[in-house]
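File shown: work.csv. Contents: CSV, C-alpha atoms.
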chain,number,residue,atom,x,y,z
F,1,MET,CA,0.0,0.0,0.0
F,2,ILE,CA,1.2,3.5,-0.9
F,3,PRO,CA,-0.2,6.8,0.3
F,4,LYS,CA,-2.9,8.4,-1.8
F,5,TYR,CA,-1.9,12.0,-0.8
F,6,PRO,CA,1.4,13.7,-1.1
F,7,ILE,CA,3.8,13.9,1.8
F,8,PHE,CA,5.7,17.1,2.6
F,9,ILE,CA,8.5,17.4,5.2
F,10,PRO,CA,9.5,21.0,6.1
F,11,SER,CA,13.1,20.8,7.2
F,12,LYS,CA,15.8,23.2,8.2
F,13,GLY,CA,19.2,22.3,9.6
F,14,ARG,CA,18.6,18.6,9.8
F,15,HIS,CA,20.3,17.3,6.7
F,16,ASP,CA,22.6,15.2,8.9
F,17,SER,CA,19.8,13.5,10.9
F,18,ARG,CA,17.0,13.1,8.4
F,19,PHE,CA,14.9,10.9,10.7
F,20,THR,CA,11.6,11.2,8.9
F,21,MET,CA,13.2,11.0,5.5
F,22,LYS,CA,15.0,7.8,6.4
F,23,MET,CA,11.8,6.3,7.8
F,24,PHE,CA,10.0,7.0,4.5
F,25,ASP,CA,12.9,5.7,2.5
F,26,GLU,CA,12.6,2.4,4.5
F,27,PHE,CA,8.9,2.3,3.7
F,28,GLY,CA,9.6,3.0,0.0
F,29,PHE,CA,7.3,6.1,0.0
F,30,TYR,CA,7.9,9.1,-2.1
F,31,TYR,CA,8.0,12.4,-0.2
F,32,THR,CA,9.0,16.0,-0.7
F,33,VAL,CA,11.4,17.8,1.6
F,34,VAL,CA,10.7,21.5,1.7
F,35,ILE,CA,13.9,23.5,2.3
F,36,GLU,CA,15.4,26.9,2.1
F,37,GLU,CA,17.7,27.7,-0.8
F,38,GLN,CA,20.8,28.3,1.3
F,39,GLU,CA,20.6,24.7,2.5
F,40,TYR,CA,20.1,23.1,-0.9
F,41,GLU,CA,23.7,21.7,-1.4
F,42,LYS,CA,23.7,20.1,2.1
F,43,TYR,CA,20.4,18.4,1.5
F,44,ALA,CA,21.1,17.5,-2.1
F,45,ALA,CA,24.3,15.7,-1.0
F,46,VAL,CA,22.3,13.2,1.1
F,47,ILE,CA,18.8,13.2,-0.5
F,48,ASP,CA,17.8,12.6,-4.1
F,49,PRO,CA,17.4,16.2,-5.4
F,50,SER,CA,14.1,15.2,-7.1
F,51,LYS,CA,12.7,15.0,-3.6
F,52,LEU,CA,13.7,18.6,-2.7
F,53,LEU,CA,11.5,21.6,-3.1
F,54,ILE,CA,13.1,25.0,-2.5
F,55,LEU,CA,11.1,27.7,-0.8
F,56,PRO,CA,10.9,31.1,-2.5
F,57,PHE,CA,12.0,32.7,0.8
F,58,SER,CA,14.4,32.2,3.7
F,59,ASN,CA,14.2,32.5,7.5
F,60,LYS,CA,10.5,33.3,7.7
F,61,GLY,CA,9.7,30.5,10.2
F,62,LEU,CA,7.8,27.3,10.2
F,63,THR,CA,4.3,28.9,10.0
F,64,THR,CA,5.1,30.6,6.8
F,65,THR,CA,6.6,27.4,5.4
F,66,ARG,CA,3.6,25.4,6.4
F,67,ASN,CA,1.3,27.9,4.7
F,68,TRP,CA,3.4,27.9,1.6
F,69,ILE,CA,3.2,24.1,1.5
F,70,TRP,CA,-0.6,24.3,1.9
F,71,ASN,CA,-0.8,26.8,-1.0
F,72,TYR,CA,1.5,24.5,-3.1
F,73,ALA,CA,-0.6,21.4,-2.3
F,74,GLU,CA,-3.8,23.3,-3.3
F,75,SER,CA,-2.1,24.4,-6.6
F,76,LEU,CA,-1.4,20.7,-7.3
F,77,GLY,CA,-5.2,20.1,-7.2
F,78,VAL,CA,-5.0,17.4,-4.4
F,79,GLU,CA,-7.8,17.1,-2.0
F,80,LYS,CA,-5.5,16.4,1.0
F,81,PHE,CA,-1.9,16.4,1.8
F,82,TRP,CA,0.4,15.3,4.7
F,83,THR,CA,3.0,17.3,6.6
F,84,PHE,CA,5.4,15.5,8.8
F,85,ASP,CA,8.0,17.1,11.2
F,86,ASP,CA,11.5,16.2,10.2
F,87,ASN,CA,12.4,14.4,13.5
F,88,ILE,CA,10.1,11.4,13.4
F,89,ARG,CA,12.0,8.1,13.9
F,90,GLY,CA,9.2,5.6,13.3
F,91,ILE,CA,5.5,4.7,13.3
F,92,TYR,CA,4.1,2.3,15.8
F,93,ARG,CA,1.0,0.2,16.2
F,94,ILE,CA,-0.6,-0.3,19.5
F,95,ASN,CA,-1.2,-4.1,20.0
F,96,ARG,CA,-2.3,-5.3,23.4
F,97,ASN,CA,-1.0,-2.1,25.0
F,98,LEU,CA,2.5,-2.5,23.4
F,99,ASN,CA,4.0,-0.2,20.9
F,100,VAL,CA,5.0,-2.4,18.0
F,101,PRO,CA,7.3,-0.8,15.4
F,102,CYS,CA,5.8,-0.8,11.9
F,103,SER,CA,8.2,-2.2,9.3
F,104,THR,CA,6.1,-0.7,6.5
F,105,GLY,CA,4.2,2.6,6.1
F,106,VAL,CA,0.8,0.8,5.9
F,107,PRO,CA,-0.7,3.0,8.7
F,108,ILE,CA,-0.6,6.0,6.5
F,109,PRO,CA,-2.9,4.7,3.7
F,110,ILE,CA,-5.1,3.1,6.3
F,111,ILE,CA,-5.6,6.5,7.9
F,112,GLU,CA,-6.2,8.1,4.5
F,113,LYS,CA,-8.9,5.5,3.7
F,114,PHE,CA,-10.6,6.0,7.1
F,115,ILE,CA,-10.6,9.8,6.8
F,116,ASP,CA,-11.9,9.7,3.2
F,117,ARG,CA,-15.1,8.2,4.5
F,118,PHE,CA,-16.0,11.6,6.0
F,119,GLU,CA,-16.6,15.1,4.6
F,120,ASN,CA,-16.1,17.1,7.7
F,121,VAL,CA,-12.5,16.2,8.8
F,122,GLY,CA,-10.1,19.1,8.5
F,123,VAL,CA,-7.1,17.6,10.3
F,124,ALA,CA,-6.1,14.0,11.1
F,125,GLY,CA,-2.9,12.4,12.3
F,126,MET,CA,-1.3,10.1,14.8
F,127,ASN,CA,-0.8,10.6,18.5
F,128,TYR,CA,2.6,10.7,20.2
F,129,PHE,CA,3.5,7.3,21.6
F,130,MET,CA,4.4,8.9,25.0
F,131,PHE,CA,0.8,10.1,25.4
F,132,ILE,CA,-0.5,6.6,25.3
F,133,PRO,CA,0.2,5.0,28.7
F,134,ARG,CA,0.9,1.3,28.4
F,135,LYS,CA,-1.7,0.2,31.0
F,136,ASP,CA,-4.5,2.6,30.1
F,137,LYS,CA,-7.4,1.6,27.9
F,138,ILE,CA,-7.2,3.9,24.9
F,139,PRO,CA,-9.7,4.1,22.0
F,140,PRO,CA,-8.3,3.5,18.5
F,141,TYR,CA,-8.8,7.2,17.7
F,142,THR,CA,-10.0,10.3,19.4
F,143,VAL,CA,-12.3,12.9,17.8
F,144,ASN,CA,-11.9,16.6,18.2
F,145,THR,CA,-8.6,16.9,19.9
F,146,ARG,CA,-5.1,18.2,19.0
F,147,VAL,CA,-3.1,16.8,16.2
F,148,TYR,CA,0.6,17.6,16.0
F,149,SER,CA,3.8,16.7,14.1
F,150,ASN,CA,2.0,14.7,11.4
F,151,MET,CA,-1.1,16.1,9.8
F,152,LEU,CA,-3.3,15.0,7.0
F,153,LEU,CA,-4.9,18.4,6.0
F,154,ASN,CA,-7.8,19.1,3.7
F,155,THR,CA,-6.7,21.6,1.1
F,156,LYS,CA,-10.2,23.0,0.6
F,157,GLU,CA,-10.8,24.1,4.2
F,158,LYS,CA,-12.1,27.6,4.3
F,159,ASN,CA,-12.6,30.2,7.0
F,160,PRO,CA,-16.2,31.3,7.8
F,161,ASP,CA,-15.5,34.4,5.5
F,162,GLY,CA,-14.6,32.1,2.6
F,163,THR,CA,-10.8,32.8,2.7
F,164,PRO,CA,-8.4,29.8,2.6
F,165,PHE,CA,-7.8,28.2,6.0
F,166,ARG,CA,-4.1,28.6,7.0
F,167,ASN,CA,-1.9,28.7,10.0
F,168,ASN,CA,-1.9,32.0,11.8
F,169,LEU,CA,0.5,32.2,14.8
F,170,GLU,CA,4.3,32.3,14.8
F,171,TYR,CA,4.5,29.9,17.7
F,172,ASN,CA,2.1,27.1,18.5
F,173,ASP,CA,0.5,27.5,15.1
F,174,ASP,CA,-0.6,23.8,15.2
F,175,THR,CA,-2.5,24.2,18.4
F,176,ASP,CA,-4.2,27.3,17.1
F,177,LEU,CA,-5.0,25.6,13.8
F,178,ASN,CA,-6.7,22.7,15.6
F,179,ILE,CA,-8.7,25.1,17.8
F,180,ARG,CA,-9.8,27.2,14.9
F,181,MET,CA,-10.7,24.1,12.9
F,182,LEU,CA,-13.0,22.9,15.7
F,183,LYS,CA,-14.4,26.4,16.2
F,184,LYS,CA,-15.6,26.6,12.6
F,185,GLY,CA,-17.3,23.2,12.8
F,186,SER,CA,-14.8,20.8,11.2
F,187,CYS,CA,-13.6,17.8,13.0
F,188,THR,CA,-10.1,16.6,13.9
F,189,ILE,CA,-9.2,12.9,14.4
F,190,GLN,CA,-6.1,11.7,16.3
F,191,PHE,CA,-5.2,8.1,15.8
F,192,ASN,CA,-4.0,6.2,18.9
F,193,ALA,CA,-3.9,2.8,17.2
F,194,PHE,CA,-1.0,4.2,15.2
F,195,ASN,CA,1.4,6.5,16.8

Mind turning the file's structure into structure tokens?
Amino acid sequence: MIPKYPIFIPSKGRHDSRFTMKMFDEFGFYYTVVIEEQEYEKYAAVIDPSKLLILPFSNKGLTTTRNWIWNYAESLGVEKFWTFDDNIRGIYRINRNLNVPCSTGVPIPIIEKFIDRFENVGVAGMNYFMFIPRKDKIPPYTVNTRVYSNMLLNTKEKNPDGTPFRNNLEYNDDTDLNIRMLKKGSCTIQFNAFN
């Protein structure tokens, strides 16, 4: 299984570690790393240049980068797109209250197929493993809560005034995005079965 929607990884200063990129390479998934021009040579030395997308600006912060990716995804005509932080080392599946490492990226297409059944989901993604206590009973997913670090976003989300929905704040823009998404009536879904 391969993802239906494009995967973008905004990255800065992490050409040496590349945790998320290495994970997707192991899964055999195509992804795009969104970088600033001054870092192109460093990233191109360790990542296939066809996977690199250069921002038209530098040093404007993650929020501006995330919004540029959103605009870019919308220009591609895709219904949804993923953004993953560049420091994710793996995906796990909860099985009998144990985090079992996934050797494939199957959880991503599974999440996509689940979310595609609904019309009102603006943001979806996986929970952090450290927020799933081993001895607690946790549902496979939680509706209308925060989603961070990996987000499946709907490109067509609009504000109540009809303008495109985007990140607003310089810091904690993901928290703000989730709150505004809920406030306008769209749902968020956070997966616990995969983290």

Review point. Can you tell me, as an MDAnalysis selection string, what residues are no more than 12 Å from segment 20-28 of chain F when counting all atoms listed in the file, ignoring any on the same chain fewer than 6 positions away?
Key: chainID F and resid 1:3 7:11 14 34 43 46:48 51:52 83:92 101:108 149:150

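Atom CA of Asn167 of chain F is positioned 20.0 Å from atom CA of Leu53 of chain F.
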
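Relative to atom CA of Ala44 of chain F, atom CA of Ser17 of chain F is found at 13.7 Å.
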
Check your understanding: If you measure from atom CA of Met181 of chain F to atom CA of Gly122 of chain F, what distance in Å do you get, rounded to one decimal?
Key -> 6.7 Å

Check your understanding: So which residues are close to (-3.9, 16.1, 13.6), meaning at most 10 Å away in the file's coordinates with only C-alpha atoms counted, and can you show them as JSON, numbers by chain?
Key -> {"F": [82, 83, 121, 122, 123, 124, 125, 126, 127, 143, 144, 145, 146, 147, 148, 149, 150, 151, 152, 153, 174, 175, 177, 178, 187, 188, 189, 190, 191]}

**Study point:** Closest of F:Tyr141, F:Tyr31, F:Tyr5, F:Tyr171 to Leu76 of chain F - atom-to-atom distances counting only C-alpha atoms
**Key:** F:Tyr5

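When only C-alpha atoms are used to compute distances to Leu169 of chain F, the closest of the residues F:Ser50, F:Thr63, F:Thr142, F:Ser58 turns out to be F:Thr63.
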
Point to revise | Sel. within 12 Å of pt (-5.7, 22.3, 0.8), counting all atoms listed in the file, output as number ranges by chain | key: F: 5-6, 66-83, 122-123, 151-158, 163-167

For C-alpha atoms, I'd like the residues from the last selection saved as an mmCIF file, in the frame of the given file.
data_model
loop_
_atom_site.group_PDB
_atom_site.id
_atom_site.type_symbol
_atom_site.label_atom_id
_atom_site.label_comp_id
_atom_site.auth_asym_id
_atom_site.auth_seq_id
_atom_site.Cartn_x
_atom_site.Cartn_y
_atom_site.Cartn_z
ATOM 1 C CA TYR F 5 -1.900 12.000 -0.800
ATOM 2 C CA PRO F 6 1.400 13.700 -1.100
ATOM 3 C CA ARG F 66 3.600 25.400 6.400
ATOM 4 C CA ASN F 67 1.300 27.900 4.700
ATOM 5 C CA TRP F 68 3.400 27.900 1.600
ATOM 6 C CA ILE F 69 3.200 24.100 1.500
ATOM 7 C CA TRP F 70 -0.600 24.300 1.900
ATOM 8 C CA ASN F 71 -0.800 26.800 -1.000
ATOM 9 C CA TYR F 72 1.500 24.500 -3.100
ATOM 10 C CA ALA F 73 -0.600 21.400 -2.300
ATOM 11 C CA GLU F 74 -3.800 23.300 -3.300
ATOM 12 C CA SER F 75 -2.100 24.400 -6.600
ATOM 13 C CA LEU F 76 -1.400 20.700 -7.300
ATOM 14 C CA GLY F 77 -5.200 20.100 -7.200
ATOM 15 C CA VAL F 78 -5.000 17.400 -4.400
ATOM 16 C CA GLU F 79 -7.800 17.100 -2.000
ATOM 17 C CA LYS F 80 -5.500 16.400 1.000
ATOM 18 C CA PHE F 81 -1.900 16.400 1.800
ATOM 19 C CA TRP F 82 0.400 15.300 4.700
ATOM 20 C CA THR F 83 3.000 17.300 6.600
ATOM 21 C CA GLY F 122 -10.100 19.100 8.500
ATOM 22 C CA VAL F 123 -7.100 17.600 10.300
ATOM 23 C CA MET F 151 -1.100 16.100 9.800
ATOM 24 C CA LEU F 152 -3.300 15.000 7.000
ATOM 25 C CA LEU F 153 -4.900 18.400 6.000
ATOM 26 C CA ASN F 154 -7.800 19.100 3.700
ATOM 27 C CA THR F 155 -6.700 21.600 1.100
ATOM 28 C CA LYS F 156 -10.200 23.000 0.600
ATOM 29 C CA GLU F 157 -10.800 24.100 4.200
ATOM 30 C CA LYS F 158 -12.100 27.600 4.300
ATOM 31 C CA THR F 163 -10.800 32.800 2.700
ATOM 32 C CA PRO F 164 -8.400 29.800 2.600
ATOM 33 C CA PHE F 165 -7.800 28.200 6.000
ATOM 34 C CA ARG F 166 -4.100 28.600 7.000
ATOM 35 C CA ASN F 167 -1.900 28.700 10.000
#

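With all atoms listed in the file as the atoms that count, the minimum distance from Phe129 of chain F to the choices F:Ser186, F:Thr65, F:Asn192, F:Arg180 is reached by F:Asn192.
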
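Of the residues under consideration (F:Asn195, F:Asn159, F:Thr32, F:Asn168), F:Asn159 shows the shortest atom-to-atom contact distance to Lys183 of chain F when counting all atoms listed in the file.
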
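Comparing the minimum interatomic distances between Gly61 of chain F and each of F:Asp161, F:Glu36, F:Glu41, F:Asp176, counting only C-alpha atoms, we find that F:Glu36 sits nearest.
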
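With all atoms listed in the file as the basis for measurement, F:Ile132 is the residue among F:Ile132, F:Phe118, F:Phe57, F:Glu39 that approaches Arg93 of chain F most closely.
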
Any chance you could build segment 11-22 of chain F out to N, CA and C atoms and write it as a compact mmCIF listing (two decimals), in the coordinates of the input?
# COMPACT_ATOMS: atom_id res chain seq x y z
N SER F 11 11.85 21.11 6.44
CA SER F 11 13.10 20.80 7.20
C SER F 11 14.06 21.95 7.10
N LYS F 12 14.75 22.13 8.20
CA LYS F 12 15.80 23.20 8.20
C LYS F 12 16.87 22.70 9.21
N GLY F 13 18.11 22.65 8.72
CA GLY F 13 19.20 22.30 9.60
C GLY F 13 19.31 20.88 10.02
N ARG F 14 18.59 20.00 9.36
CA ARG F 14 18.60 18.60 9.80
C ARG F 14 19.00 17.67 8.64
N HIS F 15 19.86 18.15 7.77
CA HIS F 15 20.30 17.30 6.70
C HIS F 15 21.17 16.14 7.18
N ASP F 16 21.76 16.27 8.36
CA ASP F 16 22.60 15.20 8.90
C ASP F 16 21.71 14.09 9.55
N SER F 17 20.64 14.47 10.23
CA SER F 17 19.80 13.50 10.90
C SER F 17 18.79 12.83 10.03
N ARG F 18 17.95 13.62 9.39
CA ARG F 18 17.00 13.10 8.40
C ARG F 18 16.10 11.98 8.89
N PHE F 19 15.69 11.99 10.14
CA PHE F 19 14.90 10.90 10.70
C PHE F 19 13.70 10.52 9.89
N THR F 20 12.87 11.51 9.63
CA THR F 20 11.60 11.20 8.90
C THR F 20 11.90 10.78 7.48
N MET F 21 12.87 11.37 6.83
CA MET F 21 13.20 11.00 5.50
C MET F 21 13.69 9.54 5.41
N LYS F 22 14.53 9.16 6.38
CA LYS F 22 15.00 7.80 6.40
C LYS F 22 13.87 6.81 6.66
